>>> print(open('work00.cif').read())   # mmCIF, C-alpha atoms and all ligand atoms
data_start
loop_
_atom_site.label_atom_id
_atom_site.label_comp_id
_atom_site.auth_asym_id
_atom_site.auth_seq_id
_atom_site.Cartn_x
_atom_site.Cartn_y
_atom_site.Cartn_z
CA MET A 15 -54.81 -69.26 -12.44
CA SER A 16 -51.38 -68.40 -11.17
CA ILE A 17 -49.19 -71.12 -12.67
CA VAL A 18 -49.40 -70.95 -16.45
CA ASN A 19 -47.40 -71.72 -19.55
CA ALA A 20 -46.23 -68.90 -21.81
CA ARG A 21 -48.47 -69.66 -24.78
CA GLU A 22 -51.74 -69.16 -22.97
CA ILE A 23 -50.90 -65.67 -21.68
CA MET A 24 -49.30 -64.74 -25.00
CA LEU A 25 -52.41 -65.77 -26.96
CA GLU A 26 -54.44 -63.26 -24.97
CA ALA A 27 -51.73 -60.63 -25.38
CA ALA A 28 -51.51 -61.09 -29.16
CA GLN A 29 -55.29 -60.87 -29.47
CA GLY A 30 -55.42 -57.78 -27.23
CA LYS A 31 -52.43 -56.07 -28.95
CA TYR A 32 -50.20 -55.86 -25.92
CA ALA A 33 -47.18 -57.94 -24.88
CA VAL A 34 -46.10 -59.92 -21.83
CA GLY A 35 -42.80 -58.94 -20.20
CA ALA A 36 -40.31 -61.79 -19.84
CA PHE A 37 -37.64 -60.84 -17.35
CA ASN A 38 -34.38 -62.76 -16.85
CA ILE A 39 -33.45 -63.18 -13.21
CA THR A 40 -30.12 -64.32 -11.79
CA ASN A 41 -31.03 -64.60 -8.12
CA LEU A 42 -34.01 -65.02 -5.84
CA ILE A 43 -34.28 -61.37 -4.78
CA GLN A 44 -34.76 -60.53 -8.44
CA MET A 45 -37.43 -63.20 -8.80
CA GLU A 46 -39.33 -61.69 -5.85
CA ALA A 47 -38.90 -58.15 -7.19
CA VAL A 48 -40.14 -59.04 -10.68
CA ILE A 49 -43.19 -60.85 -9.28
CA GLU A 50 -44.00 -58.01 -6.86
CA ALA A 51 -43.80 -55.47 -9.71
CA ALA A 52 -46.18 -57.50 -11.89
CA ILE A 53 -48.62 -57.91 -9.00
CA GLU A 54 -48.55 -54.15 -8.41
CA LYS A 55 -49.33 -53.62 -12.09
CA LYS A 56 -51.88 -56.47 -12.28
CA ALA A 57 -49.99 -57.81 -15.29
CA PRO A 58 -49.40 -61.33 -16.62
CA LEU A 59 -45.73 -62.26 -16.23
CA ILE A 60 -42.97 -64.51 -17.51
CA VAL A 61 -40.02 -65.01 -15.16
CA GLN A 62 -37.08 -66.53 -16.97
CA THR A 63 -33.67 -67.93 -16.24
CA SER A 64 -30.95 -68.72 -18.71
CA VAL A 65 -29.08 -71.97 -18.22
CA LYS A 66 -26.18 -70.69 -16.11
CA PRO A 67 -28.30 -69.30 -13.23
CA SER A 68 -30.61 -72.30 -13.52
CA LYS A 69 -27.69 -74.64 -12.89
CA PHE A 70 -26.04 -72.39 -10.32
CA LEU A 71 -29.17 -71.85 -8.20
CA GLY A 72 -30.56 -75.31 -8.93
CA ARG A 73 -33.62 -75.91 -11.07
CA GLN A 74 -35.56 -77.59 -8.24
CA VAL A 75 -34.88 -74.64 -5.91
CA LEU A 76 -35.97 -72.14 -8.57
CA VAL A 77 -39.14 -74.08 -9.32
CA ALA A 78 -39.98 -74.45 -5.62
CA ILE A 79 -39.70 -70.71 -5.03
CA TYR A 80 -41.53 -69.89 -8.27
CA ARG A 81 -44.40 -72.21 -7.29
CA THR A 82 -44.60 -70.83 -3.77
CA LEU A 83 -44.74 -67.23 -4.98
CA ALA A 84 -46.93 -67.86 -8.05
CA GLU A 85 -49.51 -70.05 -6.31
CA SER A 86 -50.49 -67.24 -3.98
CA ALA A 87 -50.23 -64.47 -6.59
CA PRO A 88 -53.37 -62.93 -8.10
CA ILE A 89 -51.77 -62.87 -11.58
CA PRO A 90 -50.75 -65.63 -14.05
CA ILE A 91 -47.01 -66.32 -13.95
CA CYS A 92 -44.88 -68.57 -16.18
CA LEU A 93 -41.37 -69.85 -15.44
CA HIS A 94 -39.34 -70.02 -18.64
CA LEU A 95 -35.95 -71.60 -19.41
CA ASP A 96 -34.17 -69.25 -21.80
CA HIS A 97 -31.79 -70.12 -24.66
CA CYS A 98 -31.04 -73.71 -23.72
CA THR A 99 -28.84 -75.38 -26.32
CA ASP A 100 -28.91 -78.78 -24.62
CA VAL A 101 -31.89 -81.05 -25.28
CA ASP A 102 -31.24 -83.08 -22.12
CA TYR A 103 -31.27 -80.00 -19.91
CA CYS A 104 -34.53 -78.87 -21.57
CA LYS A 105 -35.98 -82.24 -20.55
CA GLN A 106 -34.66 -81.95 -16.99
CA CYS A 107 -36.22 -78.51 -16.58
CA SER A 108 -39.52 -79.81 -17.99
CA ASP A 109 -39.43 -82.54 -15.35
CA ALA A 110 -38.51 -80.03 -12.62
CA GLY A 111 -41.56 -77.83 -13.24
CA TYR A 112 -40.59 -75.01 -15.60
CA THR A 113 -43.70 -74.11 -17.61
CA ASN A 114 -42.04 -72.84 -20.78
CA ILE A 115 -38.85 -74.17 -22.33
CA MET A 116 -36.74 -72.57 -25.04
CA ILE A 117 -34.65 -74.97 -27.03
CA ASP A 118 -32.16 -72.80 -28.90
CA ALA A 119 -30.68 -74.84 -31.72
CA SER A 120 -30.58 -71.77 -33.97
CA LYS A 121 -26.81 -72.07 -34.41
CA GLN A 122 -27.25 -75.57 -35.85
CA ASN A 123 -28.20 -76.11 -39.46
CA TYR A 124 -31.88 -75.85 -40.33
CA GLU A 125 -32.65 -79.59 -40.28
CA GLU A 126 -30.82 -80.10 -36.99
CA ASN A 127 -32.66 -77.11 -35.48
CA ILE A 128 -35.94 -78.78 -36.51
CA ARG A 129 -34.87 -82.16 -35.15
CA GLN A 130 -33.85 -80.85 -31.72
CA SER A 131 -36.79 -78.45 -31.39
CA LYS A 132 -39.25 -81.22 -32.26
CA GLN A 133 -37.65 -83.55 -29.73
CA VAL A 134 -38.11 -80.97 -26.95
CA VAL A 135 -41.70 -80.22 -28.02
CA GLU A 136 -42.62 -83.91 -27.89
CA TYR A 137 -40.98 -84.40 -24.52
CA ALA A 138 -42.33 -81.24 -22.85
CA HIS A 139 -45.86 -81.94 -24.07
CA SER A 140 -45.67 -85.49 -22.74
CA VAL A 141 -44.68 -84.19 -19.29
CA GLY A 142 -47.52 -81.71 -18.87
CA ASP A 143 -48.87 -78.27 -19.59
CA ILE A 144 -45.57 -76.85 -20.82
CA SER A 145 -45.15 -74.68 -23.89
CA VAL A 146 -42.00 -74.66 -26.01
CA GLU A 147 -40.20 -71.79 -27.73
CA ALA A 148 -37.62 -72.11 -30.51
CA GLU A 149 -35.62 -69.64 -32.57
CA LEU A 150 -34.92 -69.40 -36.27
CA GLY A 151 -32.10 -67.22 -37.56
CA THR A 152 -29.70 -65.84 -34.97
CA VAL A 153 -30.16 -62.97 -32.55
CA SER A 154 -26.76 -61.25 -32.30
CA GLY A 155 -24.95 -60.25 -29.10
CA VAL A 156 -24.34 -62.21 -25.89
CA GLU A 157 -26.82 -64.10 -23.72
CA ASP A 158 -25.58 -66.38 -20.95
CA GLN A 159 -22.91 -68.63 -22.41
CA ILE A 160 -23.98 -68.09 -26.01
CA LYS A 161 -22.03 -65.56 -28.03
CA VAL A 162 -23.01 -64.70 -31.58
CA ALA A 163 -20.91 -62.35 -33.70
CA GLU A 164 -23.01 -59.69 -35.39
CA ASP A 165 -21.89 -60.63 -38.87
CA GLU A 166 -23.10 -64.17 -38.19
CA ALA A 167 -26.55 -62.91 -37.41
CA ALA A 168 -29.01 -64.09 -40.00
CA LEU A 169 -32.62 -63.02 -40.04
CA ALA A 170 -35.50 -65.51 -40.16
CA ASN A 171 -36.97 -66.20 -43.58
CA PRO A 172 -40.80 -65.90 -43.36
CA VAL A 173 -41.60 -68.87 -45.60
CA GLN A 174 -39.07 -71.06 -43.81
CA ALA A 175 -40.49 -69.82 -40.49
CA ALA A 176 -43.90 -71.23 -41.39
CA GLU A 177 -42.38 -74.58 -42.35
CA PHE A 178 -40.27 -74.59 -39.16
CA VAL A 179 -43.30 -74.02 -36.93
CA GLU A 180 -45.31 -76.64 -38.79
CA ARG A 181 -42.62 -79.31 -38.66
CA THR A 182 -41.51 -78.72 -35.05
CA GLY A 183 -44.91 -78.04 -33.49
CA VAL A 184 -43.45 -75.25 -31.32
CA ASP A 185 -45.99 -73.29 -29.29
CA ILE A 186 -44.34 -69.89 -29.46
CA PHE A 187 -41.79 -68.72 -31.97
CA ALA A 188 -38.77 -66.38 -31.87
CA PRO A 189 -37.71 -65.21 -35.32
CA ALA A 190 -34.48 -63.24 -35.65
CA ILE A 191 -35.49 -59.79 -36.93
CA GLY A 192 -32.40 -57.70 -36.15
CA THR A 193 -32.83 -57.13 -32.40
CA ALA A 194 -29.73 -57.96 -30.35
CA HIS A 195 -28.85 -59.18 -26.87
CA GLY A 196 -26.93 -56.73 -24.71
CA VAL A 197 -26.63 -52.97 -25.10
CA TYR A 198 -27.28 -51.56 -28.59
CA LYS A 199 -24.27 -49.77 -30.02
CA THR A 200 -26.46 -47.27 -31.84
CA LYS A 201 -29.51 -45.20 -30.84
CA ASN A 202 -31.43 -46.46 -33.86
CA PRO A 203 -30.80 -50.20 -34.15
CA LYS A 204 -31.71 -51.75 -37.49
CA VAL A 205 -34.81 -53.81 -36.79
CA ASP A 206 -36.83 -55.44 -39.57
CA PHE A 207 -40.40 -54.64 -38.45
CA GLU A 208 -41.93 -55.76 -41.73
CA ARG A 209 -40.30 -59.16 -41.44
CA LEU A 210 -42.01 -59.72 -38.07
CA GLY A 211 -45.30 -58.52 -39.56
CA LYS A 212 -44.95 -60.87 -42.51
CA ILE A 213 -44.17 -63.86 -40.28
CA ASN A 214 -47.12 -62.96 -38.08
CA GLN A 215 -49.38 -62.70 -41.12
CA ILE A 216 -48.33 -66.15 -42.38
CA LEU A 217 -48.56 -67.86 -38.97
CA ASN A 218 -51.42 -66.00 -37.34
CA GLY A 219 -53.29 -64.23 -40.13
CA SER A 220 -56.38 -66.35 -39.69
CA GLY A 221 -56.35 -66.30 -35.86
CA VAL A 222 -53.45 -66.36 -33.41
CA LYS A 223 -51.98 -69.86 -33.07
CA THR A 224 -48.26 -69.35 -32.56
CA PRO A 225 -47.54 -66.09 -30.71
CA LEU A 226 -44.22 -64.38 -31.45
CA VAL A 227 -41.31 -63.52 -29.17
CA VAL A 228 -39.00 -60.51 -29.45
CA HIS A 229 -35.52 -61.02 -28.00
CA GLY A 230 -33.09 -58.24 -27.08
CA GLY A 231 -35.44 -55.94 -25.17
CA THR A 232 -32.77 -53.87 -23.38
CA GLY A 233 -32.29 -50.50 -25.03
CA LEU A 234 -35.06 -50.84 -27.63
CA PRO A 235 -36.60 -47.38 -28.13
CA GLU A 236 -40.22 -47.10 -26.98
CA ASP A 237 -41.56 -46.40 -30.47
CA TYR A 238 -39.83 -49.58 -31.71
CA ILE A 239 -41.51 -51.59 -28.96
CA LYS A 240 -44.97 -50.24 -29.84
CA ARG A 241 -44.41 -50.98 -33.53
CA LEU A 242 -43.16 -54.50 -32.81
CA ILE A 243 -46.29 -55.16 -30.75
CA GLU A 244 -48.39 -53.91 -33.69
CA MET A 245 -46.50 -56.39 -35.89
CA GLY A 246 -47.29 -59.32 -33.59
CA GLY A 247 -44.65 -59.31 -30.82
CA ALA A 248 -46.38 -60.80 -27.76
CA LYS A 249 -43.41 -61.51 -25.44
CA PHE A 250 -40.45 -59.20 -24.92
CA ASN A 251 -37.30 -60.58 -23.31
CA VAL A 252 -35.40 -58.23 -21.00
CA SER A 253 -32.15 -59.36 -19.41
CA THR A 254 -29.20 -56.95 -19.59
CA GLU A 255 -31.14 -54.03 -18.09
CA LEU A 256 -31.99 -56.11 -15.02
CA LYS A 257 -28.38 -57.25 -14.58
CA HIS A 258 -27.17 -53.65 -14.79
CA THR A 259 -29.86 -52.51 -12.37
CA LEU A 260 -28.88 -55.19 -9.84
CA ILE A 261 -25.20 -54.32 -9.96
CA ASP A 262 -25.66 -50.53 -10.06
CA ALA A 263 -28.17 -50.54 -7.17
CA THR A 264 -25.82 -52.70 -5.07
CA TYR A 265 -22.84 -50.50 -5.87
CA ASP A 266 -24.72 -47.27 -5.18
CA TYR A 267 -26.04 -48.54 -1.87
CA ILE A 268 -22.67 -49.80 -0.63
CA SER A 269 -20.84 -46.69 -1.81
CA GLY A 270 -23.24 -44.48 0.13
CA LYS A 271 -23.19 -46.61 3.31
CA ARG A 272 -19.67 -47.97 3.47
CA GLU A 273 -19.74 -48.36 7.27
CA GLU A 274 -23.01 -50.31 7.37
CA TYR A 275 -23.08 -54.13 7.47
CA ASP A 276 -26.75 -54.99 6.95
CA PRO A 277 -27.23 -57.23 3.89
CA GLY A 278 -31.03 -57.02 4.13
CA LYS A 279 -30.87 -53.31 3.33
CA ILE A 280 -28.90 -54.00 0.16
CA ASP A 281 -31.60 -56.51 -0.86
CA ILE A 282 -34.30 -53.88 -0.28
CA ALA A 283 -32.42 -51.31 -2.38
CA VAL A 284 -31.99 -53.85 -5.20
CA LYS A 285 -35.62 -54.92 -5.03
CA ASP A 286 -36.86 -51.31 -5.20
CA ALA A 287 -34.67 -50.62 -8.22
CA ILE A 288 -35.74 -53.79 -10.08
CA ARG A 289 -39.41 -53.18 -9.29
CA GLY A 290 -39.11 -49.72 -10.83
CA VAL A 291 -37.56 -51.03 -14.06
CA VAL A 292 -40.02 -53.89 -14.42
CA GLY A 293 -43.00 -51.62 -13.71
CA ARG A 294 -41.91 -49.24 -16.47
CA TRP A 295 -41.51 -52.14 -18.92
CA ILE A 296 -44.97 -53.45 -18.09
CA ASP A 297 -46.49 -50.02 -18.76
CA THR A 298 -44.65 -49.74 -22.08
CA LEU A 299 -45.76 -53.22 -23.16
CA GLY A 300 -49.37 -52.30 -22.41
CA SER A 301 -49.88 -55.26 -20.08
CA THR A 302 -50.79 -53.15 -17.01
CA GLY A 303 -54.19 -54.23 -15.72
CA LYS A 304 -54.42 -57.22 -18.09
CA ALA A 305 -54.18 -59.98 -15.47
P1 LIG B 1 -31.36 -58.20 -23.52
O1 LIG B 1 -30.25 -58.72 -22.68
O2 LIG B 1 -30.87 -57.37 -24.66
O3 LIG B 1 -32.41 -57.53 -22.74
O4 LIG B 1 -32.02 -59.48 -24.23
C1 LIG B 1 -32.65 -60.43 -23.43
C2 LIG B 1 -33.05 -61.63 -24.19
O5 LIG B 1 -33.43 -61.59 -25.34
C3 LIG B 1 -33.01 -62.90 -23.45
O6 LIG B 1 -33.45 -63.98 -24.21
#
>>> encode(input="work00.cif", output="structure tokens", more="lines below")
Ligand code: 13P
Amino acid sequence: MSIVNAREIMLEAAQGKYAVGAFNITNLIQMEAVIEAAIEKKAPLIVQTSVKPSKFLGRQVLVAIYRTLAESAPIPICLHLDHCTDVDYCKQCSDAGYTNIMIDASKQNYEENIRQSKQVVEYAHSVGDISVEAELGTVSGVEDQIKVAEDEAALANPVQAAEFVERTGVDIFAPAIGTAHGVYKTKNPKVDFERLGKINQILNGSGVKTPLVVHGGTGLPEDYIKRLIEMGGAKFNVSTELKHTLIDATYDYISGKREEYDPGKIDIAVKDAIRGVVGRWIDTLGSTGKA
């Protein structure tokens, strides 16, 4: 039960009105920390990498470590490729053993987004038990190499969303609803809850088929998260908070122990900090004890 695609754990989450945490990692210590936190919480988990760390660490290396850790874990774990704008790299990661792939052609025009998303769906499904995520509209902010100016950000149109899902065959769907990558500049970001609810009603009103993804988890107030889950959000992506935690924990440790030269202790400090953050997210998403 340990190696799964994203759709199967999200289907259960959407039906049970909780969400699965999807945590972006940039190194292997983070991957271990995220998995350990989810095991402690007995929660289903999505570990994700954007394209830059996937290429830097090597997709085969990432998959090998994911498989080793997930195969012996008592919880279901998915390995997801996040925001990939390159169809060929989506195919390579499908071949390597990622179990969920996000083709992000949301900056292309609508027809081109459909064409590329469909191509990845067909390929990933031919390779094996891999689910595919695509985005409609644009989530503002910065993620990996993709920068989107806020005024460019366009929200997903619910009717078009239904047509998009139908024509592409995507397994899970990320509509732009006003959440943003990075740190929110205001305490009360403008998020269109009703839009997510409407899309969920159209796609999943007569039984969950295409679970929904919420991007831009970092900094979302807790009441927003609960309401987004009510509206159908079944996967929450969290990246910036983990990057900040990694860097802050490293800095704090080294600043306090400037004379010490023991890298393993820095890794332990980072792991403890990441485990804490991930554990809190899992509690907030309601996925504690759901594995
Ligand atoms: P944050 O960096 O805002 O947490 O967003 C993460 C994300 O949506 C990755 O796809």
>>> closest_residue(input="work00.cif", among="A:Ile60, A:Ile282, A:Val141, A:Ala78", to="ligand LIG 1 (chain B)", atoms="all atoms listed in the file")
A:Ile60
>>> closest_residue(input="work00.cif", among="A:Ile128, A:Ala263, A:Val153, A:Leu226", to="ligand LIG 1 (chain B)", atoms="all atoms listed in the file")
A:Val153
>>> residues_near_ligand(input="work00.cif", ligand="ligand LIG 1 (chain B)", cutoff="9 Å", atoms="all atoms listed in the file", output="PDB file with C-alpha atoms, keeping the file's coordinate frame")
ATOM      1  CA  ALA A  36     -40.310 -61.790 -19.840  1.00  0.00           C
ATOM      2  CA  PHE A  37     -37.640 -60.840 -17.350  1.00  0.00           C
ATOM      3  CA  ASN A  38     -34.380 -62.760 -16.850  1.00  0.00           C
ATOM      4  CA  GLN A  62     -37.080 -66.530 -16.970  1.00  0.00           C
ATOM      5  CA  THR A  63     -33.670 -67.930 -16.240  1.00  0.00           C
ATOM      6  CA  SER A  64     -30.950 -68.720 -18.710  1.00  0.00           C
ATOM      7  CA  ASP A  96     -34.170 -69.250 -21.800  1.00  0.00           C
ATOM      8  CA  HIS A  97     -31.790 -70.120 -24.660  1.00  0.00           C
ATOM      9  CA  VAL A 153     -30.160 -62.970 -32.550  1.00  0.00           C
ATOM     10  CA  GLY A 155     -24.950 -60.250 -29.100  1.00  0.00           C
ATOM     11  CA  VAL A 156     -24.340 -62.210 -25.890  1.00  0.00           C
ATOM     12  CA  GLU A 157     -26.820 -64.100 -23.720  1.00  0.00           C
ATOM     13  CA  ASP A 158     -25.580 -66.380 -20.950  1.00  0.00           C
ATOM     14  CA  THR A 193     -32.830 -57.130 -32.400  1.00  0.00           C
ATOM     15  CA  ALA A 194     -29.730 -57.960 -30.350  1.00  0.00           C
ATOM     16  CA  HIS A 195     -28.850 -59.180 -26.870  1.00  0.00           C
ATOM     17  CA  GLY A 196     -26.930 -56.730 -24.710  1.00  0.00           C
ATOM     18  CA  VAL A 197     -26.630 -52.970 -25.100  1.00  0.00           C
ATOM     19  CA  TYR A 198     -27.280 -51.560 -28.590  1.00  0.00           C
ATOM     20  CA  VAL A 227     -41.310 -63.520 -29.170  1.00  0.00           C
ATOM     21  CA  VAL A 228     -39.000 -60.510 -29.450  1.00  0.00           C
ATOM     22  CA  HIS A 229     -35.520 -61.020 -28.000  1.00  0.00           C
ATOM     23  CA  GLY A 230     -33.090 -58.240 -27.080  1.00  0.00           C
ATOM     24  CA  GLY A 231     -35.440 -55.940 -25.170  1.00  0.00           C
ATOM     25  CA  THR A 232     -32.770 -53.870 -23.380  1.00  0.00           C
ATOM     26  CA  GLY A 233     -32.290 -50.500 -25.030  1.00  0.00           C
ATOM     27  CA  LEU A 234     -35.060 -50.840 -27.630  1.00  0.00           C
ATOM     28  CA  PHE A 250     -40.450 -59.200 -24.920  1.00  0.00           C
ATOM     29  CA  ASN A 251     -37.300 -60.580 -23.310  1.00  0.00           C
ATOM     30  CA  VAL A 252     -35.400 -58.230 -21.000  1.00  0.00           C
ATOM     31  CA  SER A 253     -32.150 -59.360 -19.410  1.00  0.00           C
ATOM     32  CA  THR A 254     -29.200 -56.950 -19.590  1.00  0.00           C
ATOM     33  CA  GLU A 255     -31.140 -54.030 -18.090  1.00  0.00           C
ATOM     34  CA  LEU A 256     -31.990 -56.110 -15.020  1.00  0.00           C
ATOM     35  CA  LYS A 257     -28.380 -57.250 -14.580  1.00  0.00           C
TER      36      LYS A 257
END
>>> residues_around(input="work00.cif", residues="stretch 111-126 of chain A", least_positions_apart="5", cutoff="7 Å", atoms="only C-alpha atoms", output="VMD selection string")
chain A and resid 18 to 20 77 92 to 99 101 104 131 134 143 to 152
>>> write_last_selection(input="work00.cif", atoms="C-alpha atoms", output="PDB file, in the coordinates of the input")
ATOM      1  CA  VAL A  18     -49.400 -70.950 -16.450  1.00  0.00           C
ATOM      2  CA  ASN A  19     -47.400 -71.720 -19.550  1.00  0.00           C
ATOM      3  CA  ALA A  20     -46.230 -68.900 -21.810  1.00  0.00           C
ATOM      4  CA  VAL A  77     -39.140 -74.080  -9.320  1.00  0.00           C
ATOM      5  CA  CYS A  92     -44.880 -68.570 -16.180  1.00  0.00           C
ATOM      6  CA  LEU A  93     -41.370 -69.850 -15.440  1.00  0.00           C
ATOM      7  CA  HIS A  94     -39.340 -70.020 -18.640  1.00  0.00           C
ATOM      8  CA  LEU A  95     -35.950 -71.600 -19.410  1.00  0.00           C
ATOM      9  CA  ASP A  96     -34.170 -69.250 -21.800  1.00  0.00           C
ATOM     10  CA  HIS A  97     -31.790 -70.120 -24.660  1.00  0.00           C
ATOM     11  CA  CYS A  98     -31.040 -73.710 -23.720  1.00  0.00           C
ATOM     12  CA  THR A  99     -28.840 -75.380 -26.320  1.00  0.00           C
ATOM     13  CA  VAL A 101     -31.890 -81.050 -25.280  1.00  0.00           C
ATOM     14  CA  CYS A 104     -34.530 -78.870 -21.570  1.00  0.00           C
ATOM     15  CA  SER A 131     -36.790 -78.450 -31.390  1.00  0.00           C
ATOM     16  CA  VAL A 134     -38.110 -80.970 -26.950  1.00  0.00           C
ATOM     17  CA  ASP A 143     -48.870 -78.270 -19.590  1.00  0.00           C
ATOM     18  CA  ILE A 144     -45.570 -76.850 -20.820  1.00  0.00           C
ATOM     19  CA  SER A 145     -45.150 -74.680 -23.890  1.00  0.00           C
ATOM     20  CA  VAL A 146     -42.000 -74.660 -26.010  1.00  0.00           C
ATOM     21  CA  GLU A 147     -40.200 -71.790 -27.730  1.00  0.00           C
ATOM     22  CA  ALA A 148     -37.620 -72.110 -30.510  1.00  0.00           C
ATOM     23  CA  GLU A 149     -35.620 -69.640 -32.570  1.00  0.00           C
ATOM     24  CA  LEU A 150     -34.920 -69.400 -36.270  1.00  0.00           C
ATOM     25  CA  GLY A 151     -32.100 -67.220 -37.560  1.00  0.00           C
ATOM     26  CA  THR A 152     -29.700 -65.840 -34.970  1.00  0.00           C
TER      27      THR A 152
END
>>> atom_distance(input="work00.cif", atom1="atom CA of A:Ala287", atom2="atom CA of A:Ile39")
13.6 Å
>>> residues_near_point(input="work00.cif", point="(-34.6, -49.8, -35.1)", cutoff="9 Å", atoms="all atoms listed in the file", output="ChimeraX atom specification")
/A:192-193,201-207,234-235,238
>>> build_atoms(input="work00.cif", residues="stretch 291-305 of chain A", atoms="N, CA, C and O atoms", output="mmCIF file, in the frame of the given file")
data_model
loop_
_atom_site.group_PDB
_atom_site.id
_atom_site.type_symbol
_atom_site.label_atom_id
_atom_site.label_comp_id
_atom_site.auth_asym_id
_atom_site.auth_seq_id
_atom_site.Cartn_x
_atom_site.Cartn_y
_atom_site.Cartn_z
ATOM 1 N N VAL A 291 -37.852 -50.728 -12.640
ATOM 2 C CA VAL A 291 -37.560 -51.030 -14.060
ATOM 3 C C VAL A 291 -38.647 -51.924 -14.643
ATOM 4 O O VAL A 291 -39.164 -51.677 -15.742
ATOM 5 N N VAL A 292 -39.024 -52.951 -13.910
ATOM 6 C CA VAL A 292 -40.020 -53.890 -14.420
ATOM 7 C C VAL A 292 -41.384 -53.202 -14.582
ATOM 8 O O VAL A 292 -42.075 -53.391 -15.587
ATOM 9 N N GLY A 293 -41.731 -52.355 -13.615
ATOM 10 C CA GLY A 293 -43.000 -51.620 -13.710
ATOM 11 C C GLY A 293 -43.053 -50.758 -14.963
ATOM 12 O O GLY A 293 -44.064 -50.713 -15.659
ATOM 13 N N ARG A 294 -41.941 -50.084 -15.266
ATOM 14 C CA ARG A 294 -41.910 -49.240 -16.470
ATOM 15 C C ARG A 294 -42.050 -50.085 -17.731
ATOM 16 O O ARG A 294 -42.773 -49.741 -18.666
ATOM 17 N N TRP A 295 -41.385 -51.247 -17.761
ATOM 18 C CA TRP A 295 -41.510 -52.140 -18.920
ATOM 19 C C TRP A 295 -42.958 -52.589 -19.114
ATOM 20 O O TRP A 295 -43.482 -52.601 -20.220
ATOM 21 N N ILE A 296 -43.583 -52.957 -18.009
ATOM 22 C CA ILE A 296 -44.970 -53.450 -18.090
ATOM 23 C C ILE A 296 -45.880 -52.363 -18.654
ATOM 24 O O ILE A 296 -46.717 -52.626 -19.533
ATOM 25 N N ASP A 297 -45.686 -51.123 -18.212
ATOM 26 C CA ASP A 297 -46.490 -50.020 -18.760
ATOM 27 C C ASP A 297 -46.242 -49.875 -20.267
ATOM 28 O O ASP A 297 -47.178 -49.726 -21.050
ATOM 29 N N THR A 298 -44.980 -49.921 -20.656
ATOM 30 C CA THR A 298 -44.650 -49.740 -22.080
ATOM 31 C C THR A 298 -45.240 -50.863 -22.929
ATOM 32 O O THR A 298 -45.688 -50.637 -24.059
ATOM 33 N N LEU A 299 -45.228 -52.072 -22.394
ATOM 34 C CA LEU A 299 -45.760 -53.220 -23.160
ATOM 35 C C LEU A 299 -47.280 -53.230 -23.206
ATOM 36 O O LEU A 299 -47.878 -54.031 -23.929
ATOM 37 N N GLY A 300 -47.905 -52.382 -22.404
ATOM 38 C CA GLY A 300 -49.370 -52.300 -22.410
ATOM 39 C C GLY A 300 -50.043 -53.412 -21.628
ATOM 40 O O GLY A 300 -51.246 -53.630 -21.755
ATOM 41 N N SER A 301 -49.272 -54.124 -20.790
ATOM 42 C CA SER A 301 -49.880 -55.260 -20.080
ATOM 43 C C SER A 301 -50.410 -54.872 -18.683
ATOM 44 O O SER A 301 -50.964 -55.709 -17.971
ATOM 45 N N THR A 302 -50.260 -53.608 -18.301
ATOM 46 C CA THR A 302 -50.790 -53.150 -17.010
ATOM 47 C C THR A 302 -52.304 -53.376 -16.963
ATOM 48 O O THR A 302 -53.017 -53.033 -17.912
ATOM 49 N N GLY A 303 -52.747 -54.010 -15.896
ATOM 50 C CA GLY A 303 -54.190 -54.230 -15.720
ATOM 51 C C GLY A 303 -54.757 -55.389 -16.532
ATOM 52 O O GLY A 303 -55.969 -55.616 -16.520
ATOM 53 N N LYS A 304 -53.909 -56.160 -17.217
ATOM 54 C CA LYS A 304 -54.420 -57.220 -18.090
ATOM 55 C C LYS A 304 -54.532 -58.589 -17.396
ATOM 56 O O LYS A 304 -54.985 -59.558 -18.002
ATOM 57 N N ALA A 305 -54.113 -58.676 -16.139
ATOM 58 C CA ALA A 305 -54.180 -59.980 -15.470
ATOM 59 C C ALA A 305 -55.560 -60.206 -14.870
ATOM 60 O O ALA A 305 -56.198 -59.263 -14.420
#
